[in-house]
Amino acid sequence: AAAGEAAATATATATATPPPAPSLVKVLGECRATAASVFGSQMRQHSLNLTKAPPSFLGDLSTSPVTVEHLKRLTELLQVYTDSMVSEEDTAEFNDTETGIETIMASLLEPLLQTCRLSAEGGGLDAADTATLMINNATSMRNAVEVFTKNATTKAWVGKLDAEVETWVGVLVKHEAGRMLSDCGMASLLETAEVMKLHGAASEQQGLEPGTVEQVMHAFYSSLFALVMPSFERLTPPTARAAARKAIALQIVAAHDSVNTMVRDPANKYTNAEACLLHTPEQVRMLLDCD
């Protein structure tokens with residue numbers, strides 16, 4: 001009976017406990033708003049400082065210490081967000097504030113990418129080295145964020161960073177493949193063929209004469225057998241190295257296919273097709289391991 005009375009008394013007391021005073025709720029809300037405003041202001045200033053004075057890049061073009069430092073900070077913030085007790089219902093409202101996950105990620109990742117671009121420009125890097133620097137840094141960003149892909153915002157950022165890497169791999173491939181094709185005269189030959197294709201038989205056009213094509217193709221085949229594909233040792237991610245090497249090989253194959261089609265087309269009146277084309281497209285693909 002005594003225990004029952006005690007329980008009843010406790011229940012009555014709990015029921016009678018008044019809710020927090022409206023003034024307390026207001027003060028807590030104002031404190032949170034102030035903290036959010038200060039944090040947001042600090043993030044904006046930090047982003048501005050990043051792009052205002054971009055750091056120099058490392059000699060091997062690997063991920064910069066600045067990127068590493070800021071990714072550590074970002075992952076700590078993402079971990080706090082992941083471990084927080086914000087309910088599903090409150091997530092949308094939380095993301096609208098200056099402390100929201102979207103704001104945090106954009107305030108760190110976008111300036112970091114911009115900083116890398118500015119560092120490359122300020123350091124006088126060519127297209128290939130700029131691409132290498134961007135691929136290494138963007139991949140590090142992607143790997144840091146990927147751990148938290150249960151959140152839609154972080155998942156979207158993984159997609160953005162994948163696209164960033166893919167873009168720069170394309171730049172690297174274009175630069176390296178273009179250099180190889182230019183060295184043997186193939187690039188110039190293809191440009192001329194594109195310009196002159198509406199002017200009648202290719203063999204009758206300046207720059208596409210049978211002797212010229214034969215000379216270029218012999219130089220191409222000679223360079224092909226002596227070709228050492230770029231190793232891209234300074235590219236940190238193995239997947240990017242493999243993708244770049246394959247894409248370069250495919251561009252070389254495509255260039256050979258274009259000339260092969262032009263020379264073997266009867267409308268272009270090449271009488272020395274066999275002398276020009278010492279190897280078939282299939283043989284070139286096999287040599288470059290594109291099958």
# chains A, B, ... in the order shown; residues from 1 in each chain; ligands from 1

$ closest_atom_pairs --of "segment 47-153 of chain A" --to "segment 168-189 of chain A" --cutoff "7 Å" --atoms "only C-alpha atoms" --output "JSON lines"
{"residue": "A:Ala127", "atom": "CA", "partner": "A:His175", "partner_atom": "CA", "distance": 6.8}
{"residue": "A:Ala128", "atom": "CA", "partner": "A:Leu172", "partner_atom": "CA", "distance": 4.9}
{"residue": "A:Ala131", "atom": "CA", "partner": "A:Trp168", "partner_atom": "CA", "distance": 5.0}
{"residue": "A:Met134", "atom": "CA", "partner": "A:Trp168", "partner_atom": "CA", "distance": 6.8}
{"residue": "A:Ile135", "atom": "CA", "partner": "A:Trp168", "partner_atom": "CA", "distance": 6.3}

$ closest_residue --among "A:Leu78, A:Leu287, A:Val216, A:Val25" --to "Glu102 of chain A" --atoms "only C-alpha atoms"
A:Leu78

$ closest_residue --among "A:Asp126, A:Glu214, A:Glu110, A:Glu69" --to "Glu164 of chain A" --atoms "only C-alpha atoms"
A:Glu110

$ closest_atom_pairs --of "segment 106-200 of chain A" --to "segment 265-280 of chain A" --cutoff "12 Å" --atoms "only C-alpha atoms" --output "JSON lines"
{"residue": "A:Ala193", "atom": "CA", "partner": "A:Asn268", "partner_atom": "CA", "distance": 10.9}
{"residue": "A:Met196", "atom": "CA", "partner": "A:Asn268", "partner_atom": "CA", "distance": 11.3}
{"residue": "A:Lys197", "atom": "CA", "partner": "A:Asn268", "partner_atom": "CA", "distance": 9.5}
{"residue": "A:Leu198", "atom": "CA", "partner": "A:Asn268", "partner_atom": "CA", "distance": 11.2}
{"residue": "A:His199", "atom": "CA", "partner": "A:Asn268", "partner_atom": "CA", "distance": 10.6}
{"residue": "A:Gly200", "atom": "CA", "partner": "A:Asn268", "partner_atom": "CA", "distance": 7.6}

$ closest_residue --among "A:Lys150, A:Lys246, A:Arg234, A:Arg241" --to "Ser62 of chain A" --atoms "only C-alpha atoms"
A:Arg234

$ atom_distance --atom1 "atom CA of Leu288 of chain A" --atom2 "atom CA of Ala255 of chain A"
12.8 Å

$ select_by_dssp --residues "segment 62-284 of chain A" --states "alpha helix (DSSP H)" --output "PyMOL selection string"
chain A and resi 65-83+88-95+101-122+127-146+152-183+186-196+210-225+238-264+273-276+281-284
